[in-house]
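Below you'll find the structure, written out as structure tokens, and then a few comments.
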Amino acid sequence: KTIVIATKNPGKAKEFDALFSAAGYQVKTLLDYPEIPEVEETGHTFEENARLKAETIAHLLNRPVLADDSGLSVDALNGMPGVYSARFAGEMKSDAANNAKLLHELTHVPDEDRTAHFHCTLVFAAPEKNSLSVSADWPGRIGRIPRGDDGFGYDPLFIPQGMEKTAAELSRTEKNAISHRGQAMKKLQKEWRTWLEA
Ligand code: ITT
Ligand code: NA
């Protein structure tokens, strides 16, 4: 039993691996389907982009596909980078460059104004079915120095609410238990097997 995750981001894929392998499913990603063309993220919301990725690729592969569109919204930046999180510093998509740009933009922002949240929307699409969609947020604040080697993306700068550690200092299990993606998966978990196996 296989579920295709419509992502080329290995950091995301690893988090889904843990979540689906517990249910006896094997996770594949777009890295296993090099023939699938890039789906341009032309939407203005996480929901639109996740739906676009999931439904386009489910149609191309004629099998169930889960897409994740996620990002970081920083209050002092009016919600940026938001849906532009992956390409904040440019199309080259380096996590280090994105983190450096974020720190630079927040240089003069005091600690109490560095609040932010991660958002995750998951859309599960399958041939002949209406897609399932769930979302969740993870509140926190942006630190001043990157810390930690686990996780991916903005994790070394994101300090979850009520914690001192950054998200990159949490183990994958600890992060999944509380993150935007973990919470969205928990919502999906209530519905996806009945939906998929019906
Ligand atoms: P795919 O479209 O191939 O899935 P992507 O990285 O382009 O990969 P998104 O458009 O959803 O995916 O961008 C999400 C970006 O938001 C991601 O590149 C990170 O920079 C950031 N992000 C999302 N979830 C995160 C998390 O759990 N920890 C740290 N950063 C995260
Ligand atoms: Na993206």
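In the structure tokens, the first chain shown is A, the next is B, and so on; residue numbers restart at 1 for each chain, and ligands run from 1 in the order shown.
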
Contact residues around Leu102 in chain A with only C-alpha atoms at 10 Å, ignoring same-chain residues under 6 positions, as a PDB file with N, CA, C and O atoms, in the first residue's frame:
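And here's result.pdb as it stands now:
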```
ATOM      1  N   VAL A  74       5.092  35.752   9.748  1.00  0.00           N
ATOM      2  CA  VAL A  74       5.708  36.551  10.804  1.00  0.00           C
ATOM      3  C   VAL A  74       4.896  37.831  10.991  1.00  0.00           C
ATOM      4  O   VAL A  74       4.683  38.585  10.030  1.00  0.00           O
ATOM      5  N   LEU A  77       6.159  41.202   9.918  1.00  0.00           N
ATOM      6  CA  LEU A  77       6.290  41.331   8.462  1.00  0.00           C
ATOM      7  C   LEU A  77       4.929  41.203   7.777  1.00  0.00           C
ATOM      8  O   LEU A  77       4.851  40.829   6.595  1.00  0.00           O
ATOM      9  N   MET A  80       4.271  37.859   6.065  1.00  0.00           N
ATOM     10  CA  MET A  80       5.293  37.316   5.157  1.00  0.00           C
ATOM     11  C   MET A  80       6.232  36.392   5.951  1.00  0.00           C
ATOM     12  O   MET A  80       6.347  36.582   7.154  1.00  0.00           O
ATOM     13  N   PRO A  81       6.910  35.454   5.334  1.00  0.00           N
ATOM     14  CA  PRO A  81       6.863  35.080   3.917  1.00  0.00           C
ATOM     15  C   PRO A  81       5.626  34.281   3.504  1.00  0.00           C
ATOM     16  O   PRO A  81       5.346  34.197   2.306  1.00  0.00           O
ATOM     17  N   PHE A  88      11.509  32.714  -0.332  1.00  0.00           N
ATOM     18  CA  PHE A  88      11.635  34.039   0.281  1.00  0.00           C
ATOM     19  C   PHE A  88      12.895  34.747  -0.219  1.00  0.00           C
ATOM     20  O   PHE A  88      12.874  35.923  -0.571  1.00  0.00           O
ATOM     21  N   ALA A  89      14.008  34.027  -0.259  1.00  0.00           N
ATOM     22  CA  ALA A  89      15.282  34.639  -0.649  1.00  0.00           C
ATOM     23  C   ALA A  89      15.556  34.474  -2.143  1.00  0.00           C
ATOM     24  O   ALA A  89      16.634  34.824  -2.629  1.00  0.00           O
ATOM     25  N   ALA A  96      19.236  28.038   4.235  1.00  0.00           N
ATOM     26  CA  ALA A  96      20.167  28.967   4.899  1.00  0.00           C
ATOM     27  C   ALA A  96      19.955  30.399   4.404  1.00  0.00           C
ATOM     28  O   ALA A  96      19.953  31.347   5.202  1.00  0.00           O
ATOM     29  N   ILE A 142      10.370  34.179  16.557  1.00  0.00           N
ATOM     30  CA  ILE A 142      11.606  34.033  15.772  1.00  0.00           C
ATOM     31  C   ILE A 142      12.798  34.441  16.640  1.00  0.00           C
ATOM     32  O   ILE A 142      12.851  35.557  17.164  1.00  0.00           O
ATOM     33  N   ARG A 144      17.120  34.846  17.457  1.00  0.00           N
ATOM     34  CA  ARG A 144      18.124  35.741  16.862  1.00  0.00           C
ATOM     35  C   ARG A 144      19.321  35.007  16.268  1.00  0.00           C
ATOM     36  O   ARG A 144      20.104  35.598  15.515  1.00  0.00           O
ATOM     37  N   TYR A 154      12.751  26.754   8.266  1.00  0.00           N
ATOM     38  CA  TYR A 154      12.932  27.791   9.284  1.00  0.00           C
ATOM     39  C   TYR A 154      13.039  27.216  10.704  1.00  0.00           C
ATOM     40  O   TYR A 154      13.083  27.987  11.669  1.00  0.00           O
ATOM     41  N   LEU A 157      15.246  28.720  13.513  1.00  0.00           N
ATOM     42  CA  LEU A 157      14.926  30.065  14.027  1.00  0.00           C
ATOM     43  C   LEU A 157      13.591  30.107  14.759  1.00  0.00           C
ATOM     44  O   LEU A 157      13.243  31.107  15.372  1.00  0.00           O
TER      45      LEU A 157
END
```

Taking 5 positions as the minimum chain separation for residues in the same chain, which residues sit within 12 Å of Leu66 in chain A when counting only C-alpha atoms? Answer as an mmCIF file with N, CA, C and O atoms, in the first residue's frame.
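What ended up in around.cif:
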```cif
data_model
loop_
_atom_site.group_PDB
_atom_site.id
_atom_site.type_symbol
_atom_site.label_atom_id
_atom_site.label_comp_id
_atom_site.auth_asym_id
_atom_site.auth_seq_id
_atom_site.Cartn_x
_atom_site.Cartn_y
_atom_site.Cartn_z
ATOM 1 N N THR A 2 0.616 2.093 -0.992
ATOM 2 C CA THR A 2 1.482 3.249 -1.203
ATOM 3 C C THR A 2 0.675 4.537 -1.232
ATOM 4 O O THR A 2 -0.416 4.576 -1.792
ATOM 5 N N ILE A 3 1.217 5.567 -0.615
ATOM 6 C CA ILE A 3 0.650 6.911 -0.728
ATOM 7 C C ILE A 3 1.716 7.808 -1.331
ATOM 8 O O ILE A 3 2.867 7.783 -0.884
ATOM 9 N N VAL A 4 1.326 8.564 -2.360
ATOM 10 C CA VAL A 4 2.274 9.492 -2.968
ATOM 11 C C VAL A 4 2.100 10.860 -2.324
ATOM 12 O O VAL A 4 0.996 11.399 -2.277
ATOM 13 N N ILE A 5 3.194 11.399 -1.810
ATOM 14 C CA ILE A 5 3.177 12.752 -1.287
ATOM 15 C C ILE A 5 3.693 13.669 -2.392
ATOM 16 O O ILE A 5 4.807 13.458 -2.890
ATOM 17 N N ALA A 6 2.887 14.663 -2.751
ATOM 18 C CA ALA A 6 3.242 15.552 -3.864
ATOM 19 C C ALA A 6 4.257 16.578 -3.404
ATOM 20 O O ALA A 6 3.966 17.771 -3.327
ATOM 21 N N THR A 7 5.460 16.124 -3.085
ATOM 22 C CA THR A 7 6.510 17.031 -2.633
ATOM 23 C C THR A 7 7.862 16.599 -3.151
ATOM 24 O O THR A 7 8.078 15.412 -3.414
ATOM 25 N N LYS A 12 9.956 17.528 4.522
ATOM 26 C CA LYS A 12 8.532 17.225 4.688
ATOM 27 C C LYS A 12 8.296 15.719 4.606
ATOM 28 O O LYS A 12 7.570 15.151 5.412
ATOM 29 N N ALA A 13 8.898 15.103 3.582
ATOM 30 C CA ALA A 13 8.647 13.681 3.319
ATOM 31 C C ALA A 13 8.989 12.830 4.532
ATOM 32 O O ALA A 13 8.242 11.910 4.888
ATOM 33 N N PHE A 16 6.189 12.827 7.064
ATOM 34 C CA PHE A 16 5.038 12.005 6.669
ATOM 35 C C PHE A 16 5.339 10.524 6.777
ATOM 36 O O PHE A 16 4.455 9.726 7.083
ATOM 37 N N PHE A 20 2.665 7.919 8.326
ATOM 38 C CA PHE A 20 1.932 6.911 7.548
ATOM 39 C C PHE A 20 2.448 5.487 7.762
ATOM 40 O O PHE A 20 1.696 4.537 7.613
ATOM 41 N N VAL A 27 5.449 5.417 1.921
ATOM 42 C CA VAL A 27 5.397 6.775 1.386
ATOM 43 C C VAL A 27 6.326 6.924 0.189
ATOM 44 O O VAL A 27 7.491 6.564 0.244
ATOM 45 N N LYS A 28 5.768 7.415 -0.923
ATOM 46 C CA LYS A 28 6.605 7.802 -2.063
ATOM 47 C C LYS A 28 6.452 9.300 -2.271
ATOM 48 O O LYS A 28 5.449 9.879 -1.865
ATOM 49 N N THR A 29 7.451 9.904 -2.889
ATOM 50 C CA THR A 29 7.375 11.347 -3.159
ATOM 51 C C THR A 29 7.593 11.582 -4.646
ATOM 52 O O THR A 29 7.842 10.628 -5.401
ATOM 53 N N LEU A 30 7.542 12.827 -5.061
ATOM 54 C CA LEU A 30 7.766 13.159 -6.475
ATOM 55 C C LEU A 30 9.192 12.838 -6.907
ATOM 56 O O LEU A 30 9.460 12.719 -8.099
ATOM 57 N N ALA A 50 -2.188 23.777 -2.187
ATOM 58 C CA ALA A 50 -2.197 22.349 -1.831
ATOM 59 C C ALA A 50 -3.161 21.595 -2.743
ATOM 60 O O ALA A 50 -2.862 20.496 -3.223
ATOM 61 N N ARG A 51 -4.331 22.209 -2.993
ATOM 62 C CA ARG A 51 -5.342 21.583 -3.856
ATOM 63 C C ARG A 51 -4.808 21.439 -5.284
ATOM 64 O O ARG A 51 -4.960 20.388 -5.925
ATOM 65 N N LEU A 52 -4.146 22.490 -5.758
ATOM 66 C CA LEU A 52 -3.570 22.467 -7.103
ATOM 67 C C LEU A 52 -2.568 21.318 -7.251
ATOM 68 O O LEU A 52 -2.606 20.542 -8.199
ATOM 69 N N LYS A 53 -1.653 21.198 -6.270
ATOM 70 C CA LYS A 53 -0.630 20.140 -6.333
ATOM 71 C C LYS A 53 -1.280 18.767 -6.253
ATOM 72 O O LYS A 53 -0.992 17.877 -7.051
ATOM 73 N N ALA A 54 -2.168 18.552 -5.264
ATOM 74 C CA ALA A 54 -2.744 17.220 -5.030
ATOM 75 C C ALA A 54 -3.602 16.777 -6.211
ATOM 76 O O ALA A 54 -3.452 15.653 -6.709
ATOM 77 N N GLU A 55 -4.488 17.665 -6.678
ATOM 78 C CA GLU A 55 -5.450 17.239 -7.705
ATOM 79 C C GLU A 55 -4.783 17.080 -9.068
ATOM 80 O O GLU A 55 -5.091 16.147 -9.810
ATOM 81 N N THR A 56 -3.822 17.946 -9.400
ATOM 82 C CA THR A 56 -3.114 17.812 -10.676
ATOM 83 C C THR A 56 -2.367 16.479 -10.732
ATOM 84 O O THR A 56 -2.434 15.745 -11.720
ATOM 85 N N ILE A 57 -1.681 16.152 -9.646
ATOM 86 C CA ILE A 57 -0.831 14.957 -9.678
ATOM 87 C C ILE A 57 -1.646 13.671 -9.499
ATOM 88 O O ILE A 57 -1.351 12.654 -10.112
ATOM 89 N N ALA A 58 -2.725 13.739 -8.717
ATOM 90 C CA ALA A 58 -3.612 12.566 -8.593
ATOM 91 C C ALA A 58 -4.194 12.216 -9.964
ATOM 92 O O ALA A 58 -4.322 11.041 -10.327
ATOM 93 N N THR A 121 -1.505 23.326 5.375
ATOM 94 C CA THR A 121 -2.741 22.796 4.800
ATOM 95 C C THR A 121 -2.409 21.514 4.056
ATOM 96 O O THR A 121 -1.471 21.480 3.252
ATOM 97 N N LEU A 122 -3.152 20.465 4.352
ATOM 98 C CA LEU A 122 -3.001 19.191 3.656
ATOM 99 C C LEU A 122 -4.236 18.956 2.808
ATOM 100 O O LEU A 122 -5.361 19.103 3.307
ATOM 101 N N VAL A 123 -4.025 18.612 1.535
ATOM 102 C CA VAL A 123 -5.139 18.211 0.683
ATOM 103 C C VAL A 123 -4.842 16.813 0.150
ATOM 104 O O VAL A 123 -3.773 16.560 -0.409
ATOM 105 N N PHE A 124 -5.778 15.909 0.385
ATOM 106 C CA PHE A 124 -5.681 14.526 -0.083
ATOM 107 C C PHE A 124 -6.640 14.393 -1.256
ATOM 108 O O PHE A 124 -7.834 14.651 -1.110
ATOM 109 N N ALA A 125 -6.104 14.042 -2.434
ATOM 110 C CA ALA A 125 -6.934 13.921 -3.631
ATOM 111 C C ALA A 125 -6.845 12.499 -4.167
ATOM 112 O O ALA A 125 -5.799 11.861 -4.061
ATOM 113 N N ALA A 126 -7.927 11.984 -4.730
ATOM 114 C CA ALA A 126 -7.907 10.664 -5.354
ATOM 115 C C ALA A 126 -8.910 10.670 -6.504
ATOM 116 O O ALA A 126 -9.891 11.417 -6.465
ATOM 117 N N SER A 131 -11.846 15.861 -2.743
ATOM 118 C CA SER A 131 -10.639 15.942 -1.915
ATOM 119 C C SER A 131 -10.964 16.219 -0.454
ATOM 120 O O SER A 131 -11.944 16.886 -0.140
ATOM 121 N N LEU A 132 -10.095 15.705 0.417
ATOM 122 C CA LEU A 132 -10.148 16.032 1.843
ATOM 123 C C LEU A 132 -9.166 17.172 2.091
ATOM 124 O O LEU A 132 -8.068 17.175 1.546
ATOM 125 N N SER A 133 -9.525 18.092 2.979
ATOM 126 C CA SER A 133 -8.630 19.203 3.278
ATOM 127 C C SER A 133 -8.655 19.515 4.775
ATOM 128 O O SER A 133 -9.715 19.580 5.381
ATOM 129 N N VAL A 134 -7.478 19.666 5.359
ATOM 130 C CA VAL A 134 -7.358 20.036 6.784
ATOM 131 C C VAL A 134 -6.219 21.050 6.936
ATOM 132 O O VAL A 134 -5.302 21.085 6.118
ATOM 133 N N MET A 185 -2.039 16.421 10.417
ATOM 134 C CA MET A 185 -2.106 14.970 10.208
ATOM 135 C C MET A 185 -3.081 14.319 11.172
ATOM 136 O O MET A 185 -3.805 13.399 10.810
ATOM 137 N N LEU A 188 -6.418 14.784 9.842
ATOM 138 C CA LEU A 188 -6.621 13.938 8.666
ATOM 139 C C LEU A 188 -6.793 12.471 9.062
ATOM 140 O O LEU A 188 -7.544 11.724 8.444
ATOM 141 N N TRP A 192 -8.978 9.845 6.838
ATOM 142 C CA TRP A 192 -8.433 9.446 5.545
ATOM 143 C C TRP A 192 -8.616 7.973 5.182
ATOM 144 O O TRP A 192 -8.844 7.639 4.025
ATOM 145 N N LEU A 196 -10.317 6.863 1.893
ATOM 146 C CA LEU A 196 -9.491 6.216 0.866
ATOM 147 C C LEU A 196 -9.932 4.779 0.593
ATOM 148 O O LEU A 196 -9.910 4.321 -0.544
#
```

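A straight line drawn from CA of Gln161 in chain A to CA of Ile178 in chain A is 10.5 Å long.
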
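The spacing separating CA of Cys120 in chain A from CA of His108 in chain A amounts to 28.1 Å.
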
_Just want the residues within 12 Å of ligand 2, written as a PyMOL selection string, counting only C-alpha atoms and all ligand atoms._
chain A and resi 6-9+12+38-46+48-50+52-53+67-71+81-88+91-93+120+153

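Considering only C-alpha atoms and all ligand atoms, the residue among A:Pro37, A:Pro160, A:Gly24, A:Gly11 positioned nearest to ligand 1 is A:Gly11.
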
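Proximity ranking of A:His104, A:Lys175, A:His59, A:Lys165 relative to ligand 1 places A:Lys175 first, based on only C-alpha atoms and all ligand atoms.
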
*How would you write, as a count of residues only, the set of residues in range 9-183 of chain A that DSSP gives as strand (DSSP E or B)?*
40

_Ranking A:Gln183, A:Asn176, A:Thr194, A:Asn62 by minimum distance to Lys14 in chain A and counting only C-alpha atoms, which one comes first?_
A:Asn176

_helix (DSSP H, G or I) positions in chain A, given as a PyMOL selection string_ = chain A and resi 10-21+30-32+46-61+75-77+82-87+95-105+111-113+155-157+167-169+172-178+180-189+192-197

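Separating CA of Ser135 in chain A from CA of Ser179 in chain A is a distance of 11.4 Å.
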
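If you measure from each of A:Asn78, A:Asn98, A:Thr107, A:Gln26 to ligand 1 using only C-alpha atoms and all ligand atoms, the closest one turns out to be A:Asn98.
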
*For ligand 1, the nearest of the candidates A:Leu106, A:Ala136, A:Ala22, A:Leu60, counting only C-alpha atoms and all ligand atoms*: A:Ala136

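Across A:Ala23, A:Lys129, A:Ala116, A:Glu169, the tightest approach to Lys1 in chain A is made by A:Ala23 when counting only C-alpha atoms.
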